[in-house]
Structures are given as C-alpha cells and as structure tokens.
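Peer 1: One file: work-v6.cif (mmCIF, C-alpha atoms).
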data_input
loop_
_atom_site.group_PDB
_atom_site.id
_atom_site.type_symbol
_atom_site.label_atom_id
_atom_site.label_comp_id
_atom_site.auth_asym_id
_atom_site.auth_seq_id
_atom_site.Cartn_x
_atom_site.Cartn_y
_atom_site.Cartn_z
ATOM 1 C CA MET U 1 103.482 114.124 122.897
ATOM 2 C CA ARG U 2 102.559 112.909 119.443
ATOM 3 C CA LEU U 3 103.696 110.055 117.186
ATOM 4 C CA PHE U 4 103.601 110.888 113.466
ATOM 5 C CA VAL U 5 103.917 107.779 111.306
ATOM 6 C CA GLY U 6 104.773 107.929 107.613
ATOM 7 C CA LEU U 7 103.781 104.834 105.662
ATOM 8 C CA GLY U 8 105.904 103.369 102.889
ATOM 9 C CA ASN U 9 108.232 100.539 101.987
ATOM 10 C CA PRO U 10 111.927 100.732 102.962
ATOM 11 C CA GLY U 11 114.763 100.751 100.448
ATOM 12 C CA ALA U 12 115.829 102.687 97.361
ATOM 13 C CA LYS U 13 113.687 100.505 95.077
ATOM 14 C CA TYR U 14 110.504 101.921 96.578
ATOM 15 C CA ALA U 15 111.642 105.441 97.466
ATOM 16 C CA SER U 16 109.692 107.230 94.711
ATOM 17 C CA ASN U 17 106.627 104.951 94.681
ATOM 18 C CA ARG U 18 103.153 106.422 95.098
ATOM 19 C CA HIS U 19 102.762 104.075 98.082
ATOM 20 C CA ASN U 20 105.623 105.951 99.784
ATOM 21 C CA ILE U 21 104.117 109.432 99.917
ATOM 22 C CA GLY U 22 103.761 109.004 103.689
ATOM 23 C CA PHE U 23 107.546 108.654 103.978
ATOM 24 C CA LEU U 24 107.988 111.744 101.784
ATOM 25 C CA ALA U 25 105.660 113.778 104.007
ATOM 26 C CA VAL U 26 107.402 112.975 107.301
ATOM 27 C CA ASP U 27 110.817 113.468 105.690
ATOM 28 C CA GLU U 28 109.725 116.985 104.766
ATOM 29 C CA ILE U 29 108.418 117.657 108.283
ATOM 30 C CA ALA U 30 111.802 116.626 109.698
ATOM 31 C CA ARG U 31 113.685 118.781 107.208
ATOM 32 C CA ARG U 32 111.608 121.946 107.526
ATOM 33 C CA HIS U 33 111.418 121.904 111.310
ATOM 34 C CA GLY U 34 115.000 120.948 112.131
ATOM 35 C CA PHE U 35 114.273 117.594 113.749
ATOM 36 C CA ALA U 36 117.133 115.539 115.185
ATOM 37 C CA PRO U 37 118.841 113.137 112.756
ATOM 38 C CA TRP U 38 117.014 109.935 111.912
ATOM 39 C CA ARG U 39 118.067 106.885 113.920
ATOM 40 C CA ARG U 40 117.130 103.228 113.796
ATOM 41 C CA ARG U 41 114.801 101.916 116.513
ATOM 42 C CA PHE U 42 111.317 100.448 117.005
ATOM 43 C CA GLN U 43 111.739 98.337 113.844
ATOM 44 C CA GLY U 44 112.050 101.537 111.860
ATOM 45 C CA GLU U 45 113.628 104.988 111.847
ATOM 46 C CA THR U 46 112.695 107.856 114.134
ATOM 47 C CA ALA U 47 113.425 111.563 114.349
ATOM 48 C CA GLU U 48 112.408 113.763 117.266
ATOM 49 C CA GLY U 49 111.520 117.421 117.385
ATOM 50 C CA VAL U 50 109.019 120.038 118.515
ATOM 51 C CA LEU U 51 106.037 121.464 116.647
ATOM 52 C CA ASP U 52 104.145 124.366 118.244
ATOM 53 C CA HIS U 53 105.573 123.521 121.693
ATOM 54 C CA GLN U 54 104.453 119.880 121.341
ATOM 55 C CA LYS U 55 107.060 117.099 121.294
ATOM 56 C CA VAL U 56 106.691 114.969 118.183
ATOM 57 C CA VAL U 57 108.361 111.692 117.225
ATOM 58 C CA LEU U 58 108.384 110.871 113.526
ATOM 59 C CA LEU U 59 108.445 107.178 112.619
ATOM 60 C CA LYS U 60 109.098 105.417 109.315
ATOM 61 C CA PRO U 61 108.516 101.669 109.786
ATOM 62 C CA ALA U 62 111.180 99.476 108.191
ATOM 63 C CA THR U 63 108.972 96.384 108.277
ATOM 64 C CA TYR U 64 107.373 96.820 104.837
ATOM 65 C CA MET U 65 103.876 98.186 104.475
ATOM 66 C CA ASN U 66 101.850 95.140 105.500
ATOM 67 C CA GLU U 67 103.709 94.852 108.837
ATOM 68 C CA SER U 68 103.741 98.575 109.716
ATOM 69 C CA GLY U 69 101.740 97.998 112.889
ATOM 70 C CA ARG U 70 104.603 96.200 114.600
ATOM 71 C CA ALA U 71 106.790 99.314 114.542
ATOM 72 C CA VAL U 72 103.904 101.596 115.483
ATOM 73 C CA GLN U 73 102.929 99.436 118.453
ATOM 74 C CA GLU U 74 106.512 99.237 119.689
ATOM 75 C CA ALA U 75 106.966 103.011 119.541
ATOM 76 C CA ALA U 76 103.539 103.780 121.038
ATOM 77 C CA SER U 77 104.170 101.343 123.895
ATOM 78 C CA PHE U 78 107.600 102.795 124.619
ATOM 79 C CA PHE U 79 106.250 106.347 124.851
ATOM 80 C CA LYS U 80 103.018 105.216 126.580
ATOM 81 C CA LEU U 81 100.835 106.739 123.873
ATOM 82 C CA ALA U 82 97.213 105.960 123.128
ATOM 83 C CA ALA U 83 95.971 105.403 119.577
ATOM 84 C CA SER U 84 94.531 108.930 119.718
ATOM 85 C CA ASP U 85 98.097 110.300 120.015
ATOM 86 C CA VAL U 86 99.102 108.639 116.734
ATOM 87 C CA THR U 87 98.799 110.307 113.319
ATOM 88 C CA VAL U 88 99.398 108.225 110.198
ATOM 89 C CA PHE U 89 100.334 109.761 106.835
ATOM 90 C CA GLN U 90 99.123 107.451 104.066
ATOM 91 C CA ASP U 91 98.589 107.279 100.324
ATOM 92 C CA GLU U 92 94.890 107.388 99.385
ATOM 93 C CA LEU U 93 93.623 105.914 96.111
ATOM 94 C CA GLU U 94 90.118 107.301 96.578
ATOM 95 C CA LEU U 95 91.277 110.926 96.536
ATOM 96 C CA PRO U 96 92.439 112.803 93.445
ATOM 97 C CA PRO U 97 96.136 113.697 93.298
ATOM 98 C CA ALA U 98 97.112 116.635 95.563
ATOM 99 C CA LYS U 99 93.975 116.346 97.724
ATOM 100 C CA VAL U 100 94.115 115.837 101.505
ATOM 101 C CA ARG U 101 91.494 114.565 103.919
ATOM 102 C CA LEU U 102 91.695 113.838 107.647
ATOM 103 C CA LYS U 103 89.719 111.321 109.618
ATOM 104 C CA VAL U 104 89.882 109.449 112.904
ATOM 105 C CA GLY U 105 89.022 105.765 112.855
ATOM 106 C CA GLY U 106 86.767 104.335 110.174
ATOM 107 C CA GLY U 107 87.499 101.767 107.498
ATOM 108 C CA ILE U 108 90.856 100.924 105.988
ATOM 109 C CA ALA U 109 89.685 100.718 102.350
ATOM 110 C CA GLY U 110 91.986 97.803 101.627
ATOM 111 C CA HIS U 111 95.142 99.639 102.726
ATOM 112 C CA ASN U 112 97.558 97.021 104.101
ATOM 113 C CA GLY U 113 99.471 99.505 106.227
ATOM 114 C CA LEU U 114 96.319 100.676 107.978
ATOM 115 C CA ARG U 115 95.127 97.086 108.389
ATOM 116 C CA SER U 116 98.339 96.213 110.227
ATOM 117 C CA ILE U 117 98.259 99.320 112.435
ATOM 118 C CA SER U 118 94.615 98.779 113.379
ATOM 119 C CA ALA U 119 95.387 95.166 114.281
ATOM 120 C CA HIS U 120 98.172 96.288 116.632
ATOM 121 C CA ILE U 121 96.872 99.484 118.308
ATOM 122 C CA GLY U 122 93.168 99.615 117.519
ATOM 123 C CA ASN U 123 91.377 101.837 115.039
ATOM 124 C CA GLU U 124 91.109 105.222 116.775
ATOM 125 C CA TYR U 125 94.184 106.898 115.338
ATOM 126 C CA ARG U 126 94.198 109.888 113.008
ATOM 127 C CA ARG U 127 94.816 109.383 109.292
ATOM 128 C CA VAL U 128 96.158 112.079 106.989
ATOM 129 C CA ARG U 129 94.993 110.769 103.632
ATOM 130 C CA LEU U 130 97.201 112.032 100.806
ATOM 131 C CA GLY U 131 95.502 111.627 97.434
ATOM 132 C CA ILE U 132 97.394 109.746 94.721
ATOM 133 C CA GLY U 133 94.450 109.083 92.412
ATOM 134 C CA HIS U 134 92.983 105.782 91.215
ATOM 135 C CA PRO U 135 94.145 104.036 88.016
ATOM 136 C CA GLY U 136 90.516 103.467 87.055
ATOM 137 C CA VAL U 137 90.228 99.699 87.333
ATOM 138 C CA LYS U 138 90.832 97.434 90.315
ATOM 139 C CA GLU U 139 93.276 95.210 88.448
ATOM 140 C CA LEU U 140 95.736 98.091 88.035
ATOM 141 C CA VAL U 141 95.746 99.235 91.666
ATOM 142 C CA HIS U 142 98.723 97.112 92.781
ATOM 143 C CA SER U 143 100.994 98.273 89.969
ATOM 144 C CA HIS U 144 99.749 101.855 90.375
ATOM 145 C CA VAL U 145 100.706 102.199 94.028
ATOM 146 C CA LEU U 146 104.035 100.394 93.568
ATOM 147 C CA SER U 147 105.031 102.484 90.558
ATOM 148 C CA ASP U 148 107.035 105.696 90.809
ATOM 149 C CA PHE U 149 105.351 109.053 90.553
ATOM 150 C CA ALA U 150 105.533 110.347 86.994
ATOM 151 C CA LYS U 151 107.726 113.358 86.228
ATOM 152 C CA SER U 152 104.544 115.355 85.725
ATOM 153 C CA ASP U 153 103.533 114.535 89.308
ATOM 154 C CA ARG U 154 106.641 115.956 90.938
ATOM 155 C CA ALA U 155 105.391 119.531 91.218
ATOM 156 C CA TRP U 156 102.237 118.658 93.156
ATOM 157 C CA VAL U 157 103.947 115.983 95.276
ATOM 158 C CA GLU U 158 106.620 118.441 96.404
ATOM 159 C CA ALA U 159 104.053 121.200 96.959
ATOM 160 C CA LEU U 160 101.782 118.887 98.953
ATOM 161 C CA CYS U 161 104.578 117.609 101.190
ATOM 162 C CA ALA U 162 105.736 121.188 101.764
ATOM 163 C CA ALA U 163 102.214 122.349 102.663
ATOM 164 C CA VAL U 164 101.746 119.404 105.029
ATOM 165 C CA ALA U 165 105.091 120.118 106.688
ATOM 166 C CA ASP U 166 104.517 123.856 106.983
ATOM 167 C CA ASN U 167 101.208 123.260 108.775
ATOM 168 C CA ALA U 168 102.198 120.186 110.789
ATOM 169 C CA GLY U 169 102.093 122.167 114.033
ATOM 170 C CA LEU U 170 98.304 122.341 113.661
ATOM 171 C CA LEU U 171 98.209 118.540 113.635
ATOM 172 C CA ALA U 172 100.440 118.343 116.689
ATOM 173 C CA THR U 173 98.028 120.585 118.578
ATOM 174 C CA SER U 174 94.868 118.829 117.298
ATOM 175 C CA HIS U 175 93.659 121.677 115.081
ATOM 176 C CA ASP U 176 92.686 119.188 112.386
ATOM 177 C CA ALA U 177 90.155 121.266 110.463
ATOM 178 C CA SER U 178 92.536 124.240 110.290
ATOM 179 C CA PHE U 179 95.321 121.963 109.038
ATOM 180 C CA ALA U 180 93.151 120.485 106.290
ATOM 181 C CA ASN U 181 91.842 123.876 105.183
ATOM 182 C CA LYS U 182 95.248 125.521 105.095
ATOM 183 C CA VAL U 183 96.762 122.698 103.038
ATOM 184 C CA HIS U 184 93.800 122.809 100.668
ATOM 185 C CA LEU U 185 94.117 126.566 100.205
ATOM 186 C CA VAL U 186 97.853 126.302 99.456
ATOM 187 C CA MET U 187 97.283 123.623 96.828
ATOM 188 C CA GLN U 188 94.358 125.533 95.357
ATOM 189 C CA ALA U 189 96.394 128.741 95.149
ATOM 190 C CA LYS U 190 99.123 126.847 93.308
ATOM 191 C CA GLY U 191 96.550 125.749 90.726
ATOM 192 C CA PHE U 192 96.491 122.014 91.406
ATOM 193 C CA PHE U 193 92.678 121.900 91.342
ATOM 194 C CA ASP U 194 89.760 124.125 90.458
ATOM 195 C CA LYS U 195 88.731 127.120 92.540
ATOM 196 C CA ASP U 196 85.166 125.880 92.901
ATOM 197 C CA GLU U 197 86.073 122.587 94.572
ATOM 198 C CA ASN U 198 85.082 122.098 98.184
ATOM 199 C CA GLY U 199 87.546 122.663 101.013
ATOM 200 C CA ALA U 200 89.515 119.836 102.532
ATOM 201 C CA ALA U 201 88.045 119.848 106.046
#
Represent the structure from my file as structure tokens, please.
Peer 2:
Amino acid sequence: MRLFVGLGNPGAKYASNRHNIGFLAVDEIARRHGFAPWRRRFQGETAEGVLDHQKVVLLKPATYMNESGRAVQEAASFFKLAASDVTVFQDELELPPAKVRLKVGGGIAGHNGLRSISAHIGNEYRRVRLGIGHPGVKELVHSHVLSDFAKSDRAWVEALCAAVADNAGLLATSHDASFANKVHLVMQAKGFFDKDENGAA
C-alpha cells in the first residue's frame, strides 16, 4: 500500500497557485484512474484507488502548507505505513517549469511543507519535485509561489499533471527511474524543453 500526498494550501483562494501544483497532480491521478470520491479525514481529504495492482491512498492536507506533516502522520499511522511508503508531490523552485525530479530523503531546500512532514515522519520519504521555476531573486520567492500560474503556463501545467498521472502506476510499484524518464520524454515530445537536455532520472 502507498500513500501519495499532494502539497498545497486549501481553499479557492490558493487553488491555482504555483505552490499548489502538488494538489493538481493528485487530483489528476484520482480523475484519470477512477479513484473513489474524495472524503474528509486525517485533517485533509483522501481518495482511494488502485494503480498497477497496488492500493494507493491520495491525501491532500487541509492544514495549510506549513502544517502538512500533521495530516501525513495521522494517515501514515492509521494505515501503519513507513516513511518509505509515502510519496510527496511538491512544487520545486530549483527546477525549471515542466521539469520533474525524484529523490528519497535529502534536504528540504526551505520548503515548509517538507519541513513539517520530515518533523512528523522522518526524512526517508520519496519526493516528486515538480518544477515551477525561480523568480530570480530570493525576495520574490514568497510572492512567486503564492501567485497563480500565468495563462501561458497552463499548457505545460496540464501536460505535466497528465503525464504524472498516466505514469503514476510506476511510482506505486517503485519503478522510480522509469517514471521520471517517461514523464520527461512526454514533456520533451510536447516541446516544453530542448531535445538535448538530460533525462529526468
């Protein structure tokens, strides 16, 4: 069994923020794979389904980003899951828009959602880092992540969430490198970055 956690802030005000791309990704997984309807529990919302014969629970914490770990810990404890069974979908400033990287453990790079999760369940969970780009200067980071995606971003955001959802079964079965490569190839084929860039694994 796997717990897939999308990070974001609850409420309509934040729905289209760059910081909420984790919510967008798990919403698309639920939609494309016919997960059960979302329901409120574990200080958030969950939807359950199956990916490649593996049971998966999707979780969107409703605690705001900097308290995300409370919901994750509650859900992981209920299902008796280790940190290694948890996959977190997060926005990543240090990656260009439309890029994806995976890693297990490591630093949190100032991400308040990851800081909270690491404080509650430890650091050895998987992160799906969804690139949103950096505004260029540190002083603009806060407003950048809490601003809506621009209209010009919509095409790559939708394509990225679709590619993540279509290949989510590889994550559920721990084929991380295959997942990253397949998502990269989809985004490359759609022309969102140059052909000579390195793969996403």
Peer 1: What lies within 6 Å of range 74-89 of chain U using all atoms listed in the file, ignoring chain neighbours under 5 positions off, as an NGL selection string?
Peer 2: :U and (2-6 or 22 or 42 or 124-128)
Peer 1: May I ask for the distance between CA of Ala172 in chain U and CA of Ala47 in chain U, given in Å to one decimal place?
Peer 2: 14.8 Å
Peer 1: Determine the residue set returned by the PyMOL selection byres ((chain U and resi 44) around 10) for the present structure, and present it as a list in words.
Peer 2: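 After applying the PyMOL selection byres ((chain U and resi 44) around 10), what remains is Pro10, Trp38, Arg39, Arg40, Arg41, Phe42, Gln43, Glu45, Thr46, Leu59, Lys60, Pro61, Ala62, Thr63, Tyr64, Ser68, Arg70, Ala71, Val72, Glu74 and Ala75 of chain U.
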Peer 1: Just checking: using all atoms listed in the file, which residue out of U:Glu94, U:Asp148, U:Glu48, U:Asp166 ends up closest to Gly133 in chain U?
Peer 2: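 Counting all atoms listed in the file, the residue closest to Gly133 in chain U is U:Glu94.
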Peer 1: Suppose you want the space between CA of Ala180 in chain U and CA of Val141 in chain U; what is it in Å?
Peer 2: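 The value is 25.9 Å.
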Peer 1: Using only C-alpha atoms, find the one residue out of U:Ala36, U:Leu170, U:Leu102, U:Ile132 that sits nearest to Val157 in chain U.
Peer 2: U:Ile132
Peer 1: Compare U:Lys13, U:Lys99, U:His175, U:His19 by their minimum atom-to-atom distance to Phe193 in chain U, counting only C-alpha atoms, and give me the closest one.
Peer 2: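 The closest residue to Phe193 in chain U is U:Lys99.
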Peer 1: List as a ChimeraX atom specification the protein and nucleic acid residues near Gln73 in chain U, meaning an atom at most 9 Å away when all atoms listed in the file are counted, but skip any in the same chain fewer than 6 places from it.
Peer 2: /U:42,117,120-121
Peer 1: Would you compute the distance between CA of Ala25 in chain U and CA of Ser147 in chain U? Give it in Å to one decimal.
Peer 2: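 Rounded to one decimal, the two atoms are 17.6 Å apart.
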Peer 1: Pick out the closest residue to Glu92 in chain U from this set: U:Ser174, U:Leu7, U:His53, U:Cys161. Count only C-alpha atoms.
Peer 2: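 Closest residue, counting only C-alpha atoms: U:Leu7.
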Peer 1: Please provide as a ChimeraX atom specification all residues within 12 Å of range 162-164 of chain U, with the sequence filter that same-chain residues fewer than 3 positions apart are discarded (counting only C-alpha atoms).
Peer 2: /U:21-22,24-33,89,98-102,128-130,155-159,167-172,176,178-190
Peer 1: Name the closest residue to Lys103 in chain U among the candidates U:Ser16, U:Ala177, U:Asp153, U:Gly69; distances are taken between atoms, counting all atoms listed in the file.
Peer 2: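 Among the listed residues, U:Ala177 lies closest to Lys103 in chain U.
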Peer 1: Write out as a PyMOL selection string the residues lying within 12 Å of Val137 in chain U, counting only C-alpha atoms and excluding same-chain residues fewer than 6 positions away.
Peer 2: chain U and resi 93-94+143-144
Peer 1: For Met1 in chain U, which of U:Val56, U:Ala15, U:Asn20, U:Ala109 is the closest residue, counting all atoms listed in the file?
Peer 2: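 Looking at the shortest contact to Met1 in chain U, the residue is U:Val56.
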